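*Asks:* Dropping in target_29.pdb, which is PDB, C-alpha atoms:
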```pdb
ATOM      1  CA  MET R   1       4.176  21.785   3.946  1.00  0.00           C
ATOM      2  CA  GLY R   2       2.773  25.080   2.685  1.00  0.00           C
ATOM      3  CA  CYS R   3      -0.587  26.671   3.341  1.00  0.00           C
ATOM      4  CA  ARG R   4      -2.921  23.894   2.183  1.00  0.00           C
ATOM      5  CA  PRO R   5      -4.704  23.414   5.546  1.00  0.00           C
ATOM      6  CA  PHE R   6      -5.136  27.176   5.862  1.00  0.00           C
ATOM      7  CA  PHE R   7      -6.737  27.409   2.438  1.00  0.00           C
ATOM      8  CA  ILE R   8      -9.009  24.476   3.228  1.00  0.00           C
ATOM      9  CA  ALA R   9     -10.181  26.308   6.354  1.00  0.00           C
ATOM     10  CA  LEU R  10     -10.512  29.499   4.342  1.00  0.00           C
ATOM     11  CA  ARG R  11     -12.877  27.769   1.922  1.00  0.00           C
ATOM     12  CA  HIS R  12     -15.252  26.995   4.772  1.00  0.00           C
ATOM     13  CA  CYS R  13     -15.091  30.211   6.771  1.00  0.00           C
ATOM     14  CA  GLU R  14     -12.831  33.002   7.851  1.00  0.00           C
ATOM     15  CA  VAL R  15      -9.635  32.485   9.781  1.00  0.00           C
ATOM     16  CA  ARG R  16     -10.249  33.228  13.436  1.00  0.00           C
ATOM     17  CA  SER R  17      -6.826  34.142  14.736  1.00  0.00           C
ATOM     18  CA  ASN R  18      -3.424  35.283  13.575  1.00  0.00           C
ATOM     19  CA  LEU R  19      -1.876  32.474  15.590  1.00  0.00           C
ATOM     20  CA  ALA R  20      -3.882  29.899  13.656  1.00  0.00           C
ATOM     21  CA  PHE R  21      -2.832  31.581  10.407  1.00  0.00           C
ATOM     22  CA  LEU R  22       0.814  31.465  11.419  1.00  0.00           C
ATOM     23  CA  TYR R  23       0.507  27.875  12.586  1.00  0.00           C
ATOM     24  CA  PHE R  24      -1.161  26.739   9.374  1.00  0.00           C
ATOM     25  CA  CYS R  25       1.073  28.631   6.967  1.00  0.00           C
ATOM     26  CA  GLY R  26       4.348  27.801   8.605  1.00  0.00           C
ATOM     27  CA  THR R  27       6.000  31.165   8.737  1.00  0.00           C
ATOM     28  CA  ILE R  28       5.681  34.610  10.275  1.00  0.00           C
ATOM     29  CA  PHE R  29       5.419  37.424   7.773  1.00  0.00           C
ATOM     30  CA  ASP R  30       9.011  38.516   8.308  1.00  0.00           C
ATOM     31  CA  GLY R  31      10.144  34.910   7.812  1.00  0.00           C
ATOM     32  CA  THR R  32      11.992  34.651  11.119  1.00  0.00           C
ATOM     33  CA  LYS R  33      10.078  31.696  12.573  1.00  0.00           C
ATOM     34  CA  THR R  34       8.770  28.479  11.069  1.00  0.00           C
ATOM     35  CA  ALA R  35       5.505  26.783  12.086  1.00  0.00           C
ATOM     36  CA  LYS R  36       7.532  24.267  14.096  1.00  0.00           C
ATOM     37  CA  GLN R  37       9.249  27.082  16.020  1.00  0.00           C
ATOM     38  CA  ILE R  38       5.910  28.801  16.656  1.00  0.00           C
ATOM     39  CA  LYS R  39       4.355  25.522  17.756  1.00  0.00           C
ATOM     40  CA  ASP R  40       7.319  24.798  20.005  1.00  0.00           C
ATOM     41  CA  ILE R  41       6.603  27.967  21.994  1.00  0.00           C
ATOM     42  CA  MET R  42       2.868  27.288  22.244  1.00  0.00           C
ATOM     43  CA  THR R  43       1.655  25.466  25.322  1.00  0.00           C
ATOM     44  CA  ILE R  44      -0.372  22.282  25.017  1.00  0.00           C
ATOM     45  CA  LYS R  45      -3.456  24.204  26.168  1.00  0.00           C
ATOM     46  CA  GLU R  46      -2.938  26.870  23.476  1.00  0.00           C
ATOM     47  CA  ILE R  47      -2.619  24.196  20.804  1.00  0.00           C
ATOM     48  CA  GLN R  48      -5.725  22.433  22.093  1.00  0.00           C
ATOM     49  CA  ASN R  49      -7.683  25.705  22.106  1.00  0.00           C
ATOM     50  CA  SER R  50      -6.594  26.310  18.510  1.00  0.00           C
ATOM     51  CA  ILE R  51      -7.796  22.820  17.538  1.00  0.00           C
ATOM     52  CA  VAL R  52     -11.144  23.352  19.299  1.00  0.00           C
ATOM     53  CA  GLU R  53     -11.493  26.651  17.440  1.00  0.00           C
ATOM     54  CA  ASP R  54     -10.633  24.984  14.123  1.00  0.00           C
ATOM     55  CA  PHE R  55     -13.187  22.216  14.642  1.00  0.00           C
ATOM     56  CA  SER R  56     -15.861  24.705  15.715  1.00  0.00           C
ATOM     57  CA  MET R  57     -15.732  26.190  12.213  1.00  0.00           C
ATOM     58  CA  PHE R  58     -17.680  23.150  11.005  1.00  0.00           C
ATOM     59  CA  ASP R  59     -21.206  22.274  12.095  1.00  0.00           C
ATOM     60  CA  ASP R  60     -21.401  19.048  10.151  1.00  0.00           C
ATOM     61  CA  TRP R  61     -19.364  16.035  11.222  1.00  0.00           C
ATOM     62  CA  MET R  62     -18.713  15.080   7.621  1.00  0.00           C
ATOM     63  CA  ASP R  63     -16.758  18.342   7.317  1.00  0.00           C
ATOM     64  CA  ARG R  64     -14.886  17.505  10.514  1.00  0.00           C
ATOM     65  CA  TYR R  65     -14.023  14.063   9.135  1.00  0.00           C
ATOM     66  CA  ALA R  66     -12.773  15.773   5.975  1.00  0.00           C
ATOM     67  CA  MET R  67     -10.605  17.994   8.170  1.00  0.00           C
ATOM     68  CA  LEU R  68      -9.197  14.902   9.933  1.00  0.00           C
ATOM     69  CA  ILE R  69      -8.403  13.360   6.543  1.00  0.00           C
ATOM     70  CA  GLU R  70      -6.581  16.541   5.514  1.00  0.00           C
ATOM     71  CA  MET R  71      -4.691  16.511   8.819  1.00  0.00           C
ATOM     72  CA  GLY R  72      -3.598  12.975   8.028  1.00  0.00           C
ATOM     73  CA  LYS R  73      -2.003  14.210   4.817  1.00  0.00           C
ATOM     74  CA  GLU R  74       0.163  16.572   6.905  1.00  0.00           C
ATOM     75  CA  CYS R  75       1.260  13.900   9.388  1.00  0.00           C
ATOM     76  CA  PRO R  76       5.019  13.794  10.045  1.00  0.00           C
ATOM     77  CA  LEU R  77       5.712  10.415   8.482  1.00  0.00           C
ATOM     78  CA  ILE R  78       7.554   7.788  10.396  1.00  0.00           C
ATOM     79  CA  ASP R  79      10.880   6.661   8.975  1.00  0.00           C
ATOM     80  CA  ASP R  80      10.576   3.317   7.175  1.00  0.00           C
ATOM     81  CA  LYS R  81      12.913   1.700   9.704  1.00  0.00           C
ATOM     82  CA  TYR R  82      10.210   2.247  12.378  1.00  0.00           C
ATOM     83  CA  ARG R  83       7.425   0.640  10.328  1.00  0.00           C
ATOM     84  CA  ASP R  84       7.840  -2.601  12.234  1.00  0.00           C
ATOM     85  CA  GLU R  85       6.046  -4.650  14.880  1.00  0.00           C
ATOM     86  CA  ALA R  86       7.858  -2.856  17.717  1.00  0.00           C
ATOM     87  CA  HIS R  87       6.324   0.483  16.681  1.00  0.00           C
ATOM     88  CA  LEU R  88       2.888  -0.861  15.760  1.00  0.00           C
ATOM     89  CA  ILE R  89       0.229   0.261  18.232  1.00  0.00           C
ATOM     90  CA  ASN R  90      -1.738  -2.599  19.718  1.00  0.00           C
ATOM     91  CA  GLY R  91      -5.449  -1.974  20.134  1.00  0.00           C
ATOM     92  CA  CYS R  92      -6.022  -0.184  16.850  1.00  0.00           C
ATOM     93  CA  GLN R  93      -8.157  -1.837  14.208  1.00  0.00           C
ATOM     94  CA  SER R  94      -6.090  -0.062  11.559  1.00  0.00           C
ATOM     95  CA  ARG R  95      -2.350  -0.413  11.431  1.00  0.00           C
ATOM     96  CA  VAL R  96      -0.724   2.567  13.162  1.00  0.00           C
ATOM     97  CA  TRP R  97       3.000   2.980  13.654  1.00  0.00           C
ATOM     98  CA  LEU R  98       4.286   5.537  16.145  1.00  0.00           C
ATOM     99  CA  ASN R  99       7.796   6.655  17.010  1.00  0.00           C
ATOM    100  CA  ALA R 100       9.059   9.292  19.410  1.00  0.00           C
ATOM    101  CA  GLU R 101      12.403  10.990  19.862  1.00  0.00           C
ATOM    102  CA  LEU R 102      13.676  13.247  22.608  1.00  0.00           C
ATOM    103  CA  LYS R 103      15.569  16.291  21.348  1.00  0.00           C
ATOM    104  CA  ASP R 104      16.690  19.145  23.598  1.00  0.00           C
ATOM    105  CA  GLY R 105      14.313  18.007  26.325  1.00  0.00           C
ATOM    106  CA  LYS R 106      11.268  17.885  24.063  1.00  0.00           C
ATOM    107  CA  VAL R 107       9.425  14.932  22.567  1.00  0.00           C
ATOM    108  CA  TYR R 108       8.838  14.729  18.812  1.00  0.00           C
ATOM    109  CA  TYR R 109       6.470  12.127  17.397  1.00  0.00           C
ATOM    110  CA  SER R 110       6.107  10.703  13.899  1.00  0.00           C
ATOM    111  CA  ALA R 111       3.528   8.198  12.706  1.00  0.00           C
ATOM    112  CA  ASP R 112       1.793   6.518   9.829  1.00  0.00           C
ATOM    113  CA  SER R 113      -1.377   4.521   9.335  1.00  0.00           C
ATOM    114  CA  ASP R 114      -3.023   2.527   6.594  1.00  0.00           C
ATOM    115  CA  ALA R 115      -6.363   4.311   7.227  1.00  0.00           C
ATOM    116  CA  VAL R 116      -6.861   7.978   6.347  1.00  0.00           C
ATOM    117  CA  ILE R 117      -9.079   8.978   9.285  1.00  0.00           C
ATOM    118  CA  THR R 118      -6.862   7.115  11.733  1.00  0.00           C
ATOM    119  CA  LYS R 119      -3.843   8.905  10.283  1.00  0.00           C
ATOM    120  CA  GLY R 120      -5.672  12.192  10.853  1.00  0.00           C
ATOM    121  CA  ILE R 121      -6.462  11.244  14.447  1.00  0.00           C
ATOM    122  CA  VAL R 122      -2.858  10.341  15.224  1.00  0.00           C
ATOM    123  CA  ASN R 123      -1.694  13.600  13.621  1.00  0.00           C
ATOM    124  CA  LEU R 124      -4.191  15.518  15.761  1.00  0.00           C
ATOM    125  CA  LEU R 125      -2.469  14.047  18.813  1.00  0.00           C
ATOM    126  CA  ILE R 126       0.973  14.719  17.335  1.00  0.00           C
ATOM    127  CA  LYS R 127       0.042  18.380  16.850  1.00  0.00           C
ATOM    128  CA  VAL R 128      -0.795  18.601  20.549  1.00  0.00           C
ATOM    129  CA  PHE R 129       2.145  16.673  22.000  1.00  0.00           C
ATOM    130  CA  SER R 130       5.106  17.094  19.619  1.00  0.00           C
ATOM    131  CA  GLY R 131       7.592  19.715  20.705  1.00  0.00           C
ATOM    132  CA  GLN R 132       6.514  19.535  24.351  1.00  0.00           C
ATOM    133  CA  THR R 133       8.411  18.333  27.394  1.00  0.00           C
ATOM    134  CA  PRO R 134       7.647  14.881  28.784  1.00  0.00           C
ATOM    135  CA  GLU R 135       6.350  16.493  31.993  1.00  0.00           C
ATOM    136  CA  ASP R 136       3.926  18.740  30.086  1.00  0.00           C
ATOM    137  CA  ILE R 137       2.680  15.804  28.014  1.00  0.00           C
ATOM    138  CA  LEU R 138       2.052  13.702  31.116  1.00  0.00           C
ATOM    139  CA  ALA R 139       0.251  16.579  32.876  1.00  0.00           C
ATOM    140  CA  ALA R 140      -1.934  17.502  29.885  1.00  0.00           C
ATOM    141  CA  ASP R 141      -5.687  17.721  30.279  1.00  0.00           C
ATOM    142  CA  LEU R 142      -7.148  16.068  27.198  1.00  0.00           C
ATOM    143  CA  SER R 143     -10.673  17.435  27.538  1.00  0.00           C
ATOM    144  CA  PHE R 144     -10.287  19.045  24.101  1.00  0.00           C
ATOM    145  CA  LEU R 145     -11.164  15.631  22.623  1.00  0.00           C
ATOM    146  CA  ASP R 146     -14.582  15.902  24.275  1.00  0.00           C
ATOM    147  CA  GLU R 147     -14.899  19.579  23.328  1.00  0.00           C
ATOM    148  CA  ILE R 148     -14.484  18.827  19.624  1.00  0.00           C
ATOM    149  CA  GLY R 149     -16.848  15.857  19.936  1.00  0.00           C
ATOM    150  CA  LEU R 150     -14.328  13.380  18.621  1.00  0.00           C
ATOM    151  CA  LYS R 151     -14.986  10.594  21.110  1.00  0.00           C
ATOM    152  CA  GLU R 152     -18.743  10.606  20.577  1.00  0.00           C
ATOM    153  CA  HIS R 153     -18.419  10.487  16.770  1.00  0.00           C
ATOM    154  CA  LEU R 154     -15.958   7.618  16.562  1.00  0.00           C
ATOM    155  CA  SER R 155     -16.933   3.997  16.223  1.00  0.00           C
ATOM    156  CA  PRO R 156     -16.111   1.833  19.256  1.00  0.00           C
ATOM    157  CA  THR R 157     -13.103   0.346  17.447  1.00  0.00           C
ATOM    158  CA  ARG R 158     -11.758   3.794  16.511  1.00  0.00           C
ATOM    159  CA  SER R 159     -12.337   4.990  20.087  1.00  0.00           C
ATOM    160  CA  ASN R 160     -10.276   2.050  21.324  1.00  0.00           C
ATOM    161  CA  GLY R 161      -7.620   2.978  18.770  1.00  0.00           C
ATOM    162  CA  LEU R 162      -7.600   6.586  19.983  1.00  0.00           C
ATOM    163  CA  LEU R 163      -7.070   5.398  23.551  1.00  0.00           C
ATOM    164  CA  ALA R 164      -4.283   3.050  22.420  1.00  0.00           C
ATOM    165  CA  MET R 165      -2.539   5.917  20.569  1.00  0.00           C
ATOM    166  CA  LEU R 166      -2.814   8.172  23.631  1.00  0.00           C
ATOM    167  CA  LYS R 167      -1.516   5.428  25.892  1.00  0.00           C
ATOM    168  CA  GLN R 168       1.521   4.839  23.667  1.00  0.00           C
ATOM    169  CA  MET R 169       2.314   8.552  23.425  1.00  0.00           C
ATOM    170  CA  LEU R 170       2.105   8.884  27.195  1.00  0.00           C
ATOM    171  CA  LEU R 171       4.304   5.797  27.650  1.00  0.00           C
ATOM    172  CA  TYR R 172       6.959   7.392  25.436  1.00  0.00           C
ATOM    173  CA  ALA R 173       6.748  10.597  27.492  1.00  0.00           C
ATOM    174  CA  GLU R 174       7.050   8.641  30.742  1.00  0.00           C
ATOM    175  CA  ALA R 175      10.078   6.734  29.428  1.00  0.00           C
ATOM    176  CA  PHE R 176      11.782   9.965  28.348  1.00  0.00           C
ATOM    177  CA  LYS R 177      11.032  11.564  31.710  1.00  0.00           C
ATOM    178  CA  LEU R 178      12.688   8.632  33.507  1.00  0.00           C
ATOM    179  CA  LYS R 179      15.635   8.724  31.098  1.00  0.00           C
ATOM    180  CA  GLU R 180      16.173  12.437  31.778  1.00  0.00           C
ATOM    181  CA  ARG R 181      16.137  11.822  35.540  1.00  0.00           C
ATOM    182  CA  GLN R 182      18.804   9.148  35.203  1.00  0.00           C
ATOM    183  CA  ALA R 183      21.063  11.340  33.095  1.00  0.00           C
TER     184      ALA R 183
END
```
Can you turn what I pasted into structure tokens?
*Replies:*
Amino acid sequence: MGCRPFFIALRHCEVRSNLAFLYFCGTIFDGTKTAKQIKDIMTIKEIQNSIVEDFSMFDDWMDRYAMLIEMGKECPLIDDKYRDEAHLINGCQSRVWLNAELKDGKVYYSADSDAVITKGIVNLLIKVFSGQTPEDILAADLSFLDEIGLKEHLSPTRSNGLLAMLKQMLLYAEAFKLKERQA
């Protein structure tokens, strides 16, 4: 894990918030919380605002694509047993596998893709949704995708893939919500 994304951002401009620093580096200075624990207490809106802030550091879309590629390298990889047809997202030009698990009332996603930008896009969504409750995921306003300009800079096939990834993540959240109600 480490601080690689933080140092990439640092190369391009200054860090804008302590929260972003903590999120990127994975630990609070006193070592009591990991990045996952910090992220787990952040709301979806706070995570989205952090992503919008991160993307606003770059004026050029080539730099933003480079950031997506770097995000793909940090993607929580799907276990090999889930790299099958059942976990393959339909509607993506690239091959994208997605899995979700419910732990302590929160959804955790993992994924993989054979395309680097697509892997970055799915990890962007994972950063927003992982560690959140099914209800919060289903109620999320996803306008941050417009704010960072992602939709307008994707090819039509990648835009369709983005929608397919979102749909699958929301379907997992809906299924977990129903499962919790039945329990």
*Asks:* Determine the residue membership of the PyMOL selection byres ((chain R and resi 95-109) around 7) for the file above and supply it as a ChimeraX atom specification.
*Replies:* /R:78,82-83,87-89,92-94,110-114,126,130-134,172,176
*Asks:* Spell out the residues picked by the PyMOL selection byres ((chain R and resi 145) around 12) here, as a list in words.
*Replies:* Gln48, Asn49, Ile51, Val52, Phe55, Ile121, Leu124, Leu125, Val128, Ala140, Asp141, Leu142, Ser143, Phe144, Asp146, Glu147, Ile148, Gly149, Leu150, Lys151, Glu152, His153, Leu154, Ser159, Leu162, Leu163 and Leu166 of chain R
*Asks:* Between atom CA of Lys177 of chain R and atom CA of Ala139 of chain R, measure the distance and give it in Å to one decimal.
*Replies:*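 About the pair atom CA of Lys177 of chain R and atom CA of Ala139 of chain R: they are 11.9 Å apart.
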*Asks:* State, in Å with one decimal place, the distance from atom CA of Ala66 of chain R to atom CA of Ile41 of chain R.
*Replies:* 27.9 Å
*Asks:* Which value, in Å to one decimal, gives the distance between atom CA of Thr118 of chain R and atom CA of Glu85 of chain R?
*Replies:*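 About the pair atom CA of Thr118 of chain R and atom CA of Glu85 of chain R: they are 17.7 Å apart.
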*Asks:* Let me know the centre plus edge lengths, in Å and rounded to one decimal, of a box with edges along x, y and z that contains all listed atoms of segment 158-169 of chain R and is padded by 6 Å on every side, as JSON.
*Replies:*
```
{"center_x": -5.0, "center_y": 5.3, "center_z": 21.2, "size_x": 26.7, "size_y": 18.5, "size_z": 21.4}
```
*Asks:* Just the residues within 6 Å of Gly72 of chain R, please, counting only C-alpha atoms, with nothing from its chain fewer than 4 positions along; format it as JSON, numbers by chain.
*Replies:* {"R": [119, 120, 123]}
*Asks:* Mind dumping the selected residues with C-alpha atoms as a CSV table (one decimal), in the coordinates of the input?
*Replies:*
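File produced: selection38.csv:
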```csv
chain,number,residue,atom,x,y,z
R,119,LYS,CA,-3.8,8.9,10.3
R,120,GLY,CA,-5.7,12.2,10.9
R,123,ASN,CA,-1.7,13.6,13.6
```
*Asks:* Which one of R:Cys75, R:Ala183, R:Met62, R:Ile137 sits closest to Leu170 of chain R if you count all atoms listed in the file?
*Replies:* R:Ile137
*Asks:* Pick the closest to Asp136 of chain R from R:Leu68, R:Phe58, R:Glu74, R:Ala173: which is it, counting all atoms listed in the file?
*Replies:* R:Ala173
